[in-house]
Amino acid sequence: MTRKQKRLGVIAGGLAFLGLAMGLTFYALGQRTSYFYMPTDLATQAVPPGQRIRLGGLVEKGTVVRGQGTEVSFAVTDETRSVPVVFAGILPDLFREEQGVVTEGSFRSDGIFMADSVLAKHDETYMPKEVADGLKAQGLWQEN
Amino acid sequence: MIEAGHFALVLALALALVQSTVPIVGSRINDARMMAVAAPVALVSFALIALAFLALTWAYVTSDFSVVNVWENSHSQKPMLFKITGTWGNHEGSMLLWVLILALFSALVAVFGRNLPDQLKATVLAVQGWIAAAFLLFILVTSNPFARLVPAPFEGQDLNPILQDVGLAVHPPLLYLGYVGFSVSFSFAVAALIEKRIDAAWARWVRPWTLAAWIFLTGGIAMGSYWAYYELGWGGFWFWDPVENASFMPWLSGTALLHSALVMEKRSALKIWTVLLAILTFSLSLLGTFLVRSGVLTSVHAFATDPTRGVFILGILTLLVGGALALFAWRAHALTAGGIFQPISREGSLVLNNLFLTTATATVLIGTLYPLLMEALTGDKISVGAPFFNLTFGSLMVPLLIAVPFGPLLAWKRGDLYAAAQRLAWALGGAILVALLIMLFVDRTMLFAALSIGLAAWLMLGAATDLVLRSGVGSQPWSVVRRRLWGLPRSAKGTALAHFGLGVTVVGIVATVAFQTERIVIMKPGDTIDFAGRQLRFERVEPFAGPNYTEDQARFTLISGNRDVGTLVAAKRLYTARQMPTTEAGILTRGFSQAYVALGDPSGDGSWVVRAWWKPMVTLIWLGPCLMMAGGLLSISDRRLRVGAPARRRSQPVPAAAE
Amino acid sequence: MLFWIVATLLTLMACLSVLVPFLRRPAAVGVMTSPDLAIYKDQLAEVERDLSRGLIGRGEAEQARSEIGRRILRASERAGGATVQRPLWGRAVTAAAVLSIPLVSWSVYAATGSPGEPAQPLQARLQESPGNLPVEDLIARAEAHLRTDPSDSRGWEVLAPIYLRVGRTDDAVRAYREAIDRLGSSGIRQSGLGEALIAQAGGTVTAEAREAFEQGLQAAPGDGKALFFLALAAAQEGDVAGAQAQWQALKADQPAGSPWSEAANQALARIAQPGRGPGAQDVQDAAALSSAERSTMIEGMVATLDAKLRDNPRDPEGWQKLVRSYAVLGRQDEAREALRRGMSALGETTRDAAALQDFARSINVLASVQP
């Protein structure tokens, strides 16, 4: 092999590698990302049971029920529609009624959202960004 | 005092402007005195910014609420340590720390750069001056920490309780030392492009500075990970959170830079690539600063969000990164290419390392920016989380980790893969044995985990191979081995230690992810649960009042083999000033493993939701980076300048064992 | 003054740092020997050292030497004699740079700094003489003191009426309760608590308040405040005759001209007003009474607000409230006067003052006054 052929070989190998890596990346982007929904969005776009999504909104007042073992159920609302959520585990410190929350999980076939993670705000001034945007879009949230 | 600090900061801006013009003009017209301006100006700038920083710290220590920044982020009842660390626990203060560290690095270049060629030193310091001027302007225009509040209130609004932790004392300064440390490599790269030449001094300088920055960044990231682990109460050590990624990307490309700078130093090859990598690494640091500071991302780290700040930093980012890359495109061809080498050689293996690391950086970058891009383009809000990164990043890391032990065993210029493989045979055997043992004695169902731990063993044994062979373990009497081991270059020992540390981290991650036991139960005081072959007894709950919080402390006893082995104290804490609750995890370390208990909500009848984990080998996750840092330190302390000479083809199976 | 000295010294230091290299004699500048050569020589020496210590083999050393030799050759080819030429404008750039230091720093600082503001460490502020501090700050100081030493019972007693005066009724109730808990019940404390409770309830004498007054009377029989409000309680419950009788008794009991006999007089006058007065027995009249009561309450609140703003004029919201209150009460002149005072207190050109003026215009209070 001449030096030129060798160099070409190396470059071709590098490009093939990069192509492989990019292919993997975009495959993963297609498969492993979850979309964010507000309860009202779910009225217009059907999400099949089992598909992972993130659901955000406010914790509806008076819907938080603890008890059945370590399970907690509550409803996430955007003041227009609300979605029942069941979560097993420890709720974050700042999980409160009428506060913003983002849950991640999927719907059961009976329409109940099984969350495997619940994120509340980090401190008293922070509203999860997606939730704030969603509420703003519906005119329910004003920045002060 | 406050105003003196404020004035010092403004003065530092004026000096930064001088530093960014006079020396570089001097270097263009070859005026030694103009070039010599750079060093004293860099030193005085550092002194001025340090004065400003001290003034702000003083304001925090004395609870001077006439400073808006102090009022917003402090409280008179806060413990002294958190008053001090609170200085950088907010946007303005942390930016001030950022420029302080930048000025520190410029000052270090000025002090240690006496033997640098005048022109190179002047240009490097001028480039540092551009960065400093841009960020000082940013601070003074959009985030002035010295804004005053008159009349001053008598009480502040307190610091976010999550930040009231020793972690804040260590994590940001280390991280910034890393981030900003890469500015030196960046400035050297830009200087090389301006001067159109890369000389031996350049190569000799870039590697230790990159290494120093890399050591700090490693420490900063590991510390941040441990902090999140014990403070957030979720038991996780890495979340692929965009802000974590922002610090991880410079680390990845910095690691690549470290390795390519090695090739440059020893073999004067890969010059152009190293210059590009130096520019990219600091650009990623700046991108990280932009992502965190602009409020594009919401996270614990986004102290406050303000669009003008985002636009300003984006401007700096575009100017510095765009300018540097344009300069690169324009001038790169003027740099002479260096030594040539065969694909199978030490250089070749380092190129492979660079290929993998930069690709990994690119996937993390895509995963981090993709949601922002999607939202901007289509309005869809998506989240790219752990599943994406585990798949892409993980699949890139496996082949890289397999290749790591080969690198140090290959000779420069022209290596012998077969001989290296022969020498690594025992490491491979060891790794397979470890994987089998895990399969047989720990868990038969987890093939993948066993293989991963085998991979980690391969890394650790492979790292040891180089030292073992070079010191003649097994073939020489112990006294000779010891003498040889002592005489080995520190950089070789450093490499081995750092690669060993990488293996240690992999063990920790795999063991924790694959073999941890988690239980969520409702417990009353007096209850005992079984988990991971041990018992956990809930003793009692008692109230406790700290300086600025109150909490319910729950005491647990861990029982192993009918013996009490220790106490865990988990708590639900309420910070009174902000009325903000936090969860304090109870952690008990046994060997390298930990028991981790987080307290949930009380359910009224005296019982609590309790989440308990047994995390085997979890401390190795952070012990590994400590070893990597130690390896880096060993390597940096090696001031030898030896060139990498090629080995004769196929001649000596054990090159270093010559008499 | 100290600040100006420090600032001048710092500026001088900064300028000197630029000038230092120019004060030195010009070093031998010119054709630089390539610094690379020095490094390569170091490397050669290093190879020799390693060889003599047996760290590298002879063959390796030979190869390293030849590698370095090649680099030295390359380096010496490059190192041509660079001619030195220093144009004059280099000097101009330097001079401009030195001048720019004071110019940039002093002008930027002028825009962003507050040179007149001294540092205000909390500890020192807590110790300084109360002098002419605004009420809010005095309260904050007392609060800070009580937080560090909550057992200082007298502190609560002093603070309670001040809270009441500035309208922080919840805090006033809490402070009175603390004082009663720590120091025991007394006439003054109980009737103070009662008054605070009434203010908290927006003017209604609640059962809780009544209990406080009754306990106060046990400790200090004949306490004017307690007797007055108990009579008011009777009036609010519709027992006008009882209220009148109690107020009459209070008047007789207290020396003429004392504040509470004065208050009783006014209450009796209001209650006796035909049509609006509570002389009538039906519910409507009772409602009218409370509306009359309410308007006195408003008058009282306005007066309190006015007094508070005199003490602590930097309160844009307070000024808006005051202007509106006078306007609602139909006292246009006073509304205008409040607007003028508010604007001068807030500073004519400030955004707060402009907001106040806009607000006043929106409720038809026109500022015809020029400063």
# chains A, B, ... in the order shown; residues from 1 in each chain; ligands from 1
$ closest_atom_pairs --of "stretch 334-447 of chain B" --to "stretch 27-32 of chain A" --cutoff "8 Å" --atoms "only C-alpha atoms" --output "tab-separated table"
residue	atom	partner	partner_atom	distance
B:Gly367	CA	A:Leu29	CA	7.7
B:Val384	CA	A:Arg32	CA	7.0
B:Gly385	CA	A:Arg32	CA	7.6
B:Pro387	CA	A:Arg32	CA	5.7
B:Phe388	CA	A:Arg32	CA	5.1
B:Leu391	CA	A:Ala28	CA	7.0
B:Thr392	CA	A:Ala28	CA	6.9
$ closest_atom_pairs --of "chain B" --to "chain C" --cutoff "6 Å" --atoms "only C-alpha atoms" --output "CSV"
residue,atom,partner,partner_atom,distance
B:Ile2,CA,C:Ala119,CA,5.9
B:Val10,CA,C:Ser105,CA,5.3
B:Leu11,CA,C:Ser105,CA,4.9
B:Ala14,CA,C:Ile101,CA,5.1
B:Val18,CA,C:Ala97,CA,5.7
B:Ile29,CA,C:Arg86,CA,5.9
B:Arg33,CA,C:Pro21,CA,5.5
B:Ala36,CA,C:Pro21,CA,5.9
B:Val37,CA,C:Val18,CA,5.5
B:Pro40,CA,C:Ser17,CA,5.3
B:Val41,CA,C:Ser17,CA,5.4
B:Thr62,CA,C:Pro121,CA,4.9
B:Ser63,CA,C:Leu122,CA,5.5
B:Asp64,CA,C:Pro121,CA,4.5
B:Phe154,CA,C:Ala140,CA,5.7
B:Ala200,CA,C:Asp36,CA,5.5
B:Leu641,CA,C:Gln43,CA,5.5
B:Arg642,CA,C:Gln43,CA,5.6
B:Ala645,CA,C:Ala64,CA,4.9
B:Ala658,CA,C:Gly57,CA,5.2
$ closest_atom_pairs --of "chain B" --to "chain A" --cutoff "9 Å" --atoms "only C-alpha atoms" --output "CSV"
residue,atom,partner,partner_atom,distance
B:Asn160,CA,A:Asp123,CA,7.1
B:Pro161,CA,A:Asp123,CA,8.5
B:Ile162,CA,A:His122,CA,8.4
B:Trp234,CA,A:Ile90,CA,8.9
B:Leu297,CA,A:Lys129,CA,8.4
B:Thr298,CA,A:Lys129,CA,6.5
B:Ser299,CA,A:His122,CA,7.6
B:Val300,CA,A:His122,CA,6.3
B:Pro343,CA,A:Val10,CA,8.1
B:Leu355,CA,A:Gly14,CA,7.8
B:Thr359,CA,A:Leu18,CA,7.2
B:Ala360,CA,A:Ala21,CA,8.6
B:Thr363,CA,A:Thr25,CA,6.4
B:Ile366,CA,A:Thr25,CA,8.2
B:Gly367,CA,A:Leu29,CA,7.7
B:Tyr370,CA,A:Leu29,CA,8.6
B:Asp380,CA,A:Tyr35,CA,7.3
B:Lys381,CA,A:Phe36,CA,5.2
B:Ile382,CA,A:Tyr35,CA,4.2
B:Ser383,CA,A:Ser34,CA,5.4
B:Val384,CA,A:Thr33,CA,4.9
B:Gly385,CA,A:Thr33,CA,6.8
B:Ala386,CA,A:Arg32,CA,8.5
B:Pro387,CA,A:Arg32,CA,5.7
B:Phe388,CA,A:Arg32,CA,5.1
B:Phe389,CA,A:Ala28,CA,8.4
B:Leu391,CA,A:Ala28,CA,7.0
B:Thr392,CA,A:Thr25,CA,5.9
B:Phe393,CA,A:Thr25,CA,8.9
B:Ser395,CA,A:Leu24,CA,8.9
B:Leu396,CA,A:Ala21,CA,7.8
B:Ile520,CA,A:Gly89,CA,6.5
B:Val521,CA,A:Thr70,CA,6.4
B:Ile522,CA,A:Thr70,CA,6.6
B:Lys572,CA,A:Asp93,CA,8.7
B:Arg578,CA,A:Glu124,CA,7.6
B:Gln579,CA,A:Glu124,CA,8.5
B:Met580,CA,A:Glu124,CA,7.1
B:Pro581,CA,A:Asp93,CA,5.8
B:Thr582,CA,A:Asp93,CA,5.7
B:Thr583,CA,A:Asp93,CA,6.7
B:Ala598,CA,A:Ile90,CA,8.5
B:Leu599,CA,A:Ile90,CA,7.9
B:Gly600,CA,A:Ile90,CA,5.3
B:Asp601,CA,A:Ile90,CA,7.5
B:Ser603,CA,A:Gly67,CA,7.7
B:Val609,CA,A:Thr70,CA,6.6
B:Val610,CA,A:Ile90,CA,7.9
B:Arg611,CA,A:Ile90,CA,7.2
$ write_last_selection --atoms "C-alpha atoms" --output "PDB file, in the first residue's frame"
ATOM      1  CA  ASN B 160     -31.653  28.273  48.611  1.00  0.00           C
ATOM      2  CA  PRO B 161     -31.459  25.519  51.267  1.00  0.00           C
ATOM      3  CA  ILE B 162     -30.318  22.932  48.737  1.00  0.00           C
ATOM      4  CA  TRP B 234     -33.038  10.394  45.316  1.00  0.00           C
ATOM      5  CA  LEU B 297     -32.236  25.532  31.035  1.00  0.00           C
ATOM      6  CA  THR B 298     -34.146  25.343  34.252  1.00  0.00           C
ATOM      7  CA  SER B 299     -32.366  23.476  36.952  1.00  0.00           C
ATOM      8  CA  VAL B 300     -30.978  23.771  40.447  1.00  0.00           C
ATOM      9  CA  PRO B 343      -1.668   3.488  12.416  1.00  0.00           C
ATOM     10  CA  LEU B 355     -11.957   9.766  17.823  1.00  0.00           C
ATOM     11  CA  THR B 359     -17.678  11.475  19.081  1.00  0.00           C
ATOM     12  CA  ALA B 360     -18.925  10.862  22.612  1.00  0.00           C
ATOM     13  CA  THR B 363     -23.511  12.738  21.139  1.00  0.00           C
ATOM     14  CA  ILE B 366     -26.654  16.632  20.489  1.00  0.00           C
ATOM     15  CA  GLY B 367     -28.634  15.093  23.334  1.00  0.00           C
ATOM     16  CA  TYR B 370     -31.716  18.697  20.665  1.00  0.00           C
ATOM     17  CA  ASP B 380     -42.610  20.401  20.679  1.00  0.00           C
ATOM     18  CA  LYS B 381     -41.296  19.957  24.164  1.00  0.00           C
ATOM     19  CA  ILE B 382     -39.334  16.794  24.462  1.00  0.00           C
ATOM     20  CA  SER B 383     -36.937  15.498  27.015  1.00  0.00           C
ATOM     21  CA  VAL B 384     -33.831  13.577  26.189  1.00  0.00           C
ATOM     22  CA  GLY B 385     -32.917  11.688  29.295  1.00  0.00           C
ATOM     23  CA  ALA B 386     -30.908   8.819  30.614  1.00  0.00           C
ATOM     24  CA  PRO B 387     -32.179   6.175  28.112  1.00  0.00           C
ATOM     25  CA  PHE B 388     -30.759   8.150  25.180  1.00  0.00           C
ATOM     26  CA  PHE B 389     -27.409   8.799  26.801  1.00  0.00           C
ATOM     27  CA  LEU B 391     -27.569   3.879  24.666  1.00  0.00           C
ATOM     28  CA  THR B 392     -25.367   6.225  22.650  1.00  0.00           C
ATOM     29  CA  PHE B 393     -22.719   7.156  25.162  1.00  0.00           C
ATOM     30  CA  SER B 395     -22.048   2.005  23.168  1.00  0.00           C
ATOM     31  CA  LEU B 396     -19.215   4.417  22.423  1.00  0.00           C
ATOM     32  CA  ILE B 520     -40.090   1.585  49.615  1.00  0.00           C
ATOM     33  CA  VAL B 521     -42.057   0.702  52.731  1.00  0.00           C
ATOM     34  CA  ILE B 522     -44.231   2.244  55.376  1.00  0.00           C
ATOM     35  CA  LYS B 572     -37.199  16.014  56.951  1.00  0.00           C
ATOM     36  CA  ARG B 578     -37.953  30.427  53.058  1.00  0.00           C
ATOM     37  CA  GLN B 579     -40.391  27.922  54.586  1.00  0.00           C
ATOM     38  CA  MET B 580     -38.783  25.386  52.322  1.00  0.00           C
ATOM     39  CA  PRO B 581     -38.650  21.680  53.186  1.00  0.00           C
ATOM     40  CA  THR B 582     -35.737  19.468  52.204  1.00  0.00           C
ATOM     41  CA  THR B 583     -34.972  15.787  52.616  1.00  0.00           C
ATOM     42  CA  ALA B 598     -34.568   8.752  52.668  1.00  0.00           C
ATOM     43  CA  LEU B 599     -37.620   9.767  54.635  1.00  0.00           C
ATOM     44  CA  GLY B 600     -40.936  10.385  52.887  1.00  0.00           C
ATOM     45  CA  ASP B 601     -44.087  11.843  54.321  1.00  0.00           C
ATOM     46  CA  SER B 603     -48.909   9.425  57.383  1.00  0.00           C
ATOM     47  CA  VAL B 609     -42.876   6.313  54.080  1.00  0.00           C
ATOM     48  CA  VAL B 610     -39.268   5.121  54.044  1.00  0.00           C
ATOM     49  CA  ARG B 611     -37.148   4.553  50.984  1.00  0.00           C
TER      50      ARG B 611
END
$ residues_around --residues "B:Thr358" --least-positions-apart "4" --cutoff "7 Å" --atoms "only C-alpha atoms" --output "list in words"
Ser253, Ala256, Asn354 and Ala362 of chain B
$ write_last_selection --atoms "N, CA and C atoms" --output "CSV table (one decimal), in the first residue's frame"
chain,number,residue,atom,x,y,z
B,253,SER,N,-13.9,16.3,26.1
B,253,SER,CA,-13.0,16.8,25.0
B,253,SER,C,-11.7,17.2,25.7
B,256,ALA,N,-9.7,14.2,25.7
B,256,ALA,CA,-9.1,14.0,24.4
B,256,ALA,C,-7.9,14.9,24.2
B,354,ASN,N,-9.0,9.8,20.8
B,354,ASN,CA,-9.6,11.1,20.4
B,354,ASN,C,-10.8,10.9,19.6
B,362,ALA,N,-19.8,14.7,21.0
B,362,ALA,CA,-20.8,15.2,20.1
B,362,ALA,C,-22.1,14.6,20.4
$ atom_distance --atom1 "atom CA of B:Ala425" --atom2 "atom CA of B:Leu409"
12.5 Å
$ closest_atom_pairs --of "stretch 60-175 of chain B" --to "stretch 208-220 of chain B" --cutoff "8 Å" --atoms "only C-alpha atoms" --output "CSV"
residue,atom,partner,partner_atom,distance
B:Val170,CA,B:Gly220,CA,7.6
B:His171,CA,B:Gly220,CA,5.1
B:Pro172,CA,B:Gly220,CA,6.9
B:Pro173,CA,B:Gly220,CA,7.7
B:Leu174,CA,B:Gly220,CA,4.6
B:Leu175,CA,B:Gly220,CA,4.2
$ residues_around --residues "C:Ser153" --least-positions-apart "2" --cutoff "9 Å" --atoms "only C-alpha atoms" --output "VMD selection string"
chain C and resid 146 150 to 151 155 to 157 178 to 183
$ residues_around --residues "A:Asp41" --least-positions-apart "4" --cutoff "10 Å" --atoms "only C-alpha atoms" --output "list in words"
Phe36, Tyr37, Gln45, Ala46, Val47, Leu55, Asp78, Arg81 and Gly134 of chain A
$ write_last_selection --atoms "N, CA and C atoms" --output "mmCIF file, in the first residue's frame"
data_model
loop_
_atom_site.group_PDB
_atom_site.id
_atom_site.type_symbol
_atom_site.label_atom_id
_atom_site.label_comp_id
_atom_site.auth_asym_id
_atom_site.auth_seq_id
_atom_site.Cartn_x
_atom_site.Cartn_y
_atom_site.Cartn_z
ATOM 1 N N PHE A 36 -43.553 16.116 25.923
ATOM 2 C CA PHE A 36 -44.199 16.747 27.054
ATOM 3 C C PHE A 36 -45.632 17.139 26.693
ATOM 4 N N TYR A 37 -46.562 16.808 27.555
ATOM 5 C CA TYR A 37 -47.963 17.155 27.318
ATOM 6 C C TYR A 37 -48.556 17.861 28.530
ATOM 7 N N GLN A 45 -54.691 15.161 21.163
ATOM 8 C CA GLN A 45 -53.752 14.174 20.628
ATOM 9 C C GLN A 45 -53.860 12.915 21.473
ATOM 10 N N ALA A 46 -54.204 11.825 20.840
ATOM 11 C CA ALA A 46 -54.304 10.595 21.615
ATOM 12 C C ALA A 46 -52.911 10.012 21.836
ATOM 13 N N VAL A 47 -52.651 9.612 23.052
ATOM 14 C CA VAL A 47 -51.379 8.959 23.351
ATOM 15 C C VAL A 47 -51.685 7.507 23.663
ATOM 16 N N LEU A 55 -45.932 14.422 31.617
ATOM 17 C CA LEU A 55 -47.205 15.092 31.796
ATOM 18 C C LEU A 55 -46.990 16.172 32.842
ATOM 19 N N ASP A 78 -54.724 21.444 34.197
ATOM 20 C CA ASP A 78 -54.328 22.754 33.704
ATOM 21 C C ASP A 78 -55.531 23.679 33.753
ATOM 22 N N ARG A 81 -58.695 20.640 31.997
ATOM 23 C CA ARG A 81 -58.924 19.219 32.026
ATOM 24 C C ARG A 81 -58.007 18.664 33.103
ATOM 25 N N GLY A 134 -46.787 26.202 29.354
ATOM 26 C CA GLY A 134 -48.099 25.663 29.021
ATOM 27 C C GLY A 134 -49.219 26.489 29.633
#
$ residues_around --residues "C:Ser186" --least-positions-apart "6" --cutoff "8 Å" --atoms "only C-alpha atoms" --output "MDAnalysis selection string"
chainID C and resid 180 216 219:220
$ write_last_selection --atoms "C-alpha atoms" --output "PDB file, in the first residue's frame"
ATOM      1  CA  ILE C 180     -48.719  37.895  78.226  1.00  0.00           C
ATOM      2  CA  GLY C 216     -57.794  43.130  81.620  1.00  0.00           C
ATOM      3  CA  ALA C 219     -56.266  42.997  86.609  1.00  0.00           C
ATOM      4  CA  ALA C 220     -56.912  46.722  86.369  1.00  0.00           C
TER       5      ALA C 220
END
$ residues_around --residues "B:Leu280" --least-positions-apart "5" --cutoff "9 Å" --atoms "only C-alpha atoms" --output "ChimeraX atom specification"
/B:186,250,253-254,275,285,321,325
$ select_by_dssp --residues "stretch 325-516 of chain B" --states "alpha helix (DSSP H)" --output "CSV table (one decimal) with C-alpha atoms, in the first residue's frame"
chain,number,residue,atom,x,y,z
B,325,LEU,CA,-12.7,29.0,14.7
B,326,ALA,CA,-12.6,31.5,11.9
B,327,LEU,CA,-9.0,32.1,12.7
B,328,PHE,CA,-8.4,28.4,12.7
B,329,ALA,CA,-10.0,28.0,9.3
B,330,TRP,CA,-7.9,30.9,8.0
B,331,ARG,CA,-4.5,30.0,9.5
B,346,ARG,CA,1.1,4.9,20.5
B,347,GLU,CA,0.1,7.8,18.4
B,348,GLY,CA,-2.4,5.7,16.5
B,349,SER,CA,-4.0,4.5,19.7
B,350,LEU,CA,-4.2,8.1,21.0
B,351,VAL,CA,-5.9,9.1,17.7
B,352,LEU,CA,-8.4,6.3,18.3
B,353,ASN,CA,-8.9,7.6,21.8
B,354,ASN,CA,-9.6,11.1,20.4
B,355,LEU,CA,-12.0,9.8,17.8
B,356,PHE,CA,-14.1,8.0,20.4
B,357,LEU,CA,-13.9,10.8,23.0
B,358,THR,CA,-14.9,13.6,20.5
B,359,THR,CA,-17.7,11.5,19.1
B,360,ALA,CA,-18.9,10.9,22.6
B,361,THR,CA,-18.8,14.6,23.2
B,362,ALA,CA,-20.8,15.2,20.1
B,363,THR,CA,-23.5,12.7,21.1
B,364,VAL,CA,-23.8,14.4,24.5
B,365,LEU,CA,-23.9,17.8,22.8
B,366,ILE,CA,-26.7,16.6,20.5
B,367,GLY,CA,-28.6,15.1,23.3
B,368,THR,CA,-28.3,18.3,25.3
B,369,LEU,CA,-29.1,20.8,22.6
B,370,TYR,CA,-31.7,18.7,20.7
B,371,PRO,CA,-34.6,19.5,23.0
B,372,LEU,CA,-33.8,23.2,22.8
B,373,LEU,CA,-33.6,23.0,19.0
B,374,MET,CA,-36.8,21.1,18.7
B,375,GLU,CA,-38.6,23.6,20.9
B,376,ALA,CA,-37.3,26.5,18.9
B,377,LEU,CA,-38.2,24.9,15.5
B,378,THR,CA,-41.4,23.0,16.1
B,386,ALA,CA,-30.9,8.8,30.6
B,387,PRO,CA,-32.2,6.2,28.1
B,388,PHE,CA,-30.8,8.1,25.2
B,389,PHE,CA,-27.4,8.8,26.8
B,390,ASN,CA,-27.0,5.3,28.1
B,391,LEU,CA,-27.6,3.9,24.7
B,392,THR,CA,-25.4,6.2,22.6
B,393,PHE,CA,-22.7,7.2,25.2
B,394,GLY,CA,-22.6,3.6,26.5
B,395,SER,CA,-22.0,2.0,23.2
B,396,LEU,CA,-19.2,4.4,22.4
B,397,MET,CA,-17.5,3.9,25.7
B,398,VAL,CA,-17.3,0.1,25.6
B,399,PRO,CA,-14.9,-0.2,22.6
B,400,LEU,CA,-12.9,2.7,24.0
B,401,LEU,CA,-12.5,1.0,27.4
B,402,ILE,CA,-11.5,-2.2,25.7
B,403,ALA,CA,-8.8,-0.3,23.8
B,417,LEU,CA,-0.2,-4.9,18.4
B,418,TYR,CA,0.5,-8.6,18.6
B,419,ALA,CA,3.2,-8.2,21.3
B,420,ALA,CA,1.0,-5.8,23.3
B,421,ALA,CA,-1.8,-8.4,23.1
B,422,GLN,CA,0.5,-11.1,24.4
B,423,ARG,CA,1.5,-9.0,27.3
B,425,ALA,CA,-3.1,-12.0,28.0
B,426,TRP,CA,-3.0,-12.3,31.8
B,427,ALA,CA,-5.2,-9.2,32.2
B,428,LEU,CA,-7.7,-10.7,29.9
B,429,GLY,CA,-7.6,-14.0,31.8
B,430,GLY,CA,-8.1,-12.1,35.0
B,431,ALA,CA,-11.0,-10.1,33.6
B,432,ILE,CA,-12.8,-13.3,32.4
B,433,LEU,CA,-12.2,-14.9,35.8
B,434,VAL,CA,-13.8,-11.9,37.5
B,435,ALA,CA,-16.8,-12.0,35.2
B,436,LEU,CA,-17.2,-15.7,35.8
B,437,LEU,CA,-17.0,-15.3,39.6
B,447,LEU,CA,-24.8,-11.5,32.2
B,448,PHE,CA,-24.4,-7.9,31.0
B,449,ALA,CA,-23.5,-6.7,34.5
B,450,ALA,CA,-20.9,-9.5,34.9
B,451,LEU,CA,-19.4,-8.7,31.6
B,452,SER,CA,-19.2,-5.0,32.5
B,453,ILE,CA,-17.4,-5.7,35.7
B,454,GLY,CA,-15.1,-8.0,33.7
B,455,LEU,CA,-14.4,-5.0,31.5
B,456,ALA,CA,-13.6,-2.9,34.5
B,457,ALA,CA,-11.3,-5.6,35.8
B,458,TRP,CA,-9.6,-5.6,32.3
B,459,LEU,CA,-9.1,-1.9,32.6
B,460,MET,CA,-7.6,-2.1,36.1
B,461,LEU,CA,-5.4,-5.2,35.4
B,462,GLY,CA,-4.4,-3.7,32.0
B,463,ALA,CA,-3.4,-0.4,33.7
B,464,ALA,CA,-1.2,-2.4,36.1
B,465,THR,CA,0.4,-4.4,33.3
B,466,ASP,CA,2.6,-1.6,32.1
B,467,LEU,CA,4.1,-1.0,35.5
B,468,VAL,CA,4.4,-4.7,36.3
B,469,LEU,CA,6.3,-5.4,33.1
B,470,ARG,CA,8.5,-2.4,33.2
B,471,SER,CA,9.5,-3.0,36.8
B,478,TRP,CA,12.0,-7.7,44.9
B,479,SER,CA,14.7,-5.1,45.6
B,480,VAL,CA,15.3,-4.6,41.9
B,481,VAL,CA,11.6,-4.3,41.2
B,482,ARG,CA,11.3,-1.7,43.9
B,483,ARG,CA,14.2,0.3,42.6
B,484,ARG,CA,12.8,0.1,39.1
B,485,LEU,CA,9.3,1.0,40.1
B,486,TRP,CA,10.7,4.0,41.9
B,487,GLY,CA,12.7,5.0,38.9
B,490,ARG,CA,6.1,9.6,37.0
B,491,SER,CA,4.0,10.2,33.9
B,492,ALA,CA,3.9,6.4,33.3
B,493,LYS,CA,2.8,5.8,36.9
B,494,GLY,CA,0.3,8.6,36.5
B,495,THR,CA,-1.2,7.1,33.4
B,496,ALA,CA,-1.5,3.7,35.0
B,497,LEU,CA,-3.1,5.2,38.1
B,498,ALA,CA,-5.6,7.3,36.1
B,499,HIS,CA,-6.6,4.3,33.9
B,500,PHE,CA,-6.9,2.2,37.0
B,501,GLY,CA,-9.1,4.8,38.5
B,502,LEU,CA,-11.3,4.7,35.4
B,503,GLY,CA,-11.7,1.0,36.0
B,504,VAL,CA,-12.6,1.6,39.6
B,505,THR,CA,-15.3,4.1,38.6
B,506,VAL,CA,-16.8,1.6,36.1
B,507,VAL,CA,-16.9,-1.1,38.9
B,508,GLY,CA,-18.8,1.4,41.1
B,509,ILE,CA,-21.3,2.4,38.4
B,510,VAL,CA,-22.0,-1.1,37.2
B,511,ALA,CA,-22.3,-2.6,40.7
B,512,THR,CA,-24.6,0.2,41.9
B,513,VAL,CA,-26.8,0.2,38.8
B,514,ALA,CA,-27.1,-3.6,38.5
B,515,PHE,CA,-27.0,-4.9,42.0
$ closest_residue --among "A:Gly50, A:Gly105, A:Gly100, A:Gly9" --to "A:Phe87" --atoms "only C-alpha atoms"
A:Gly105
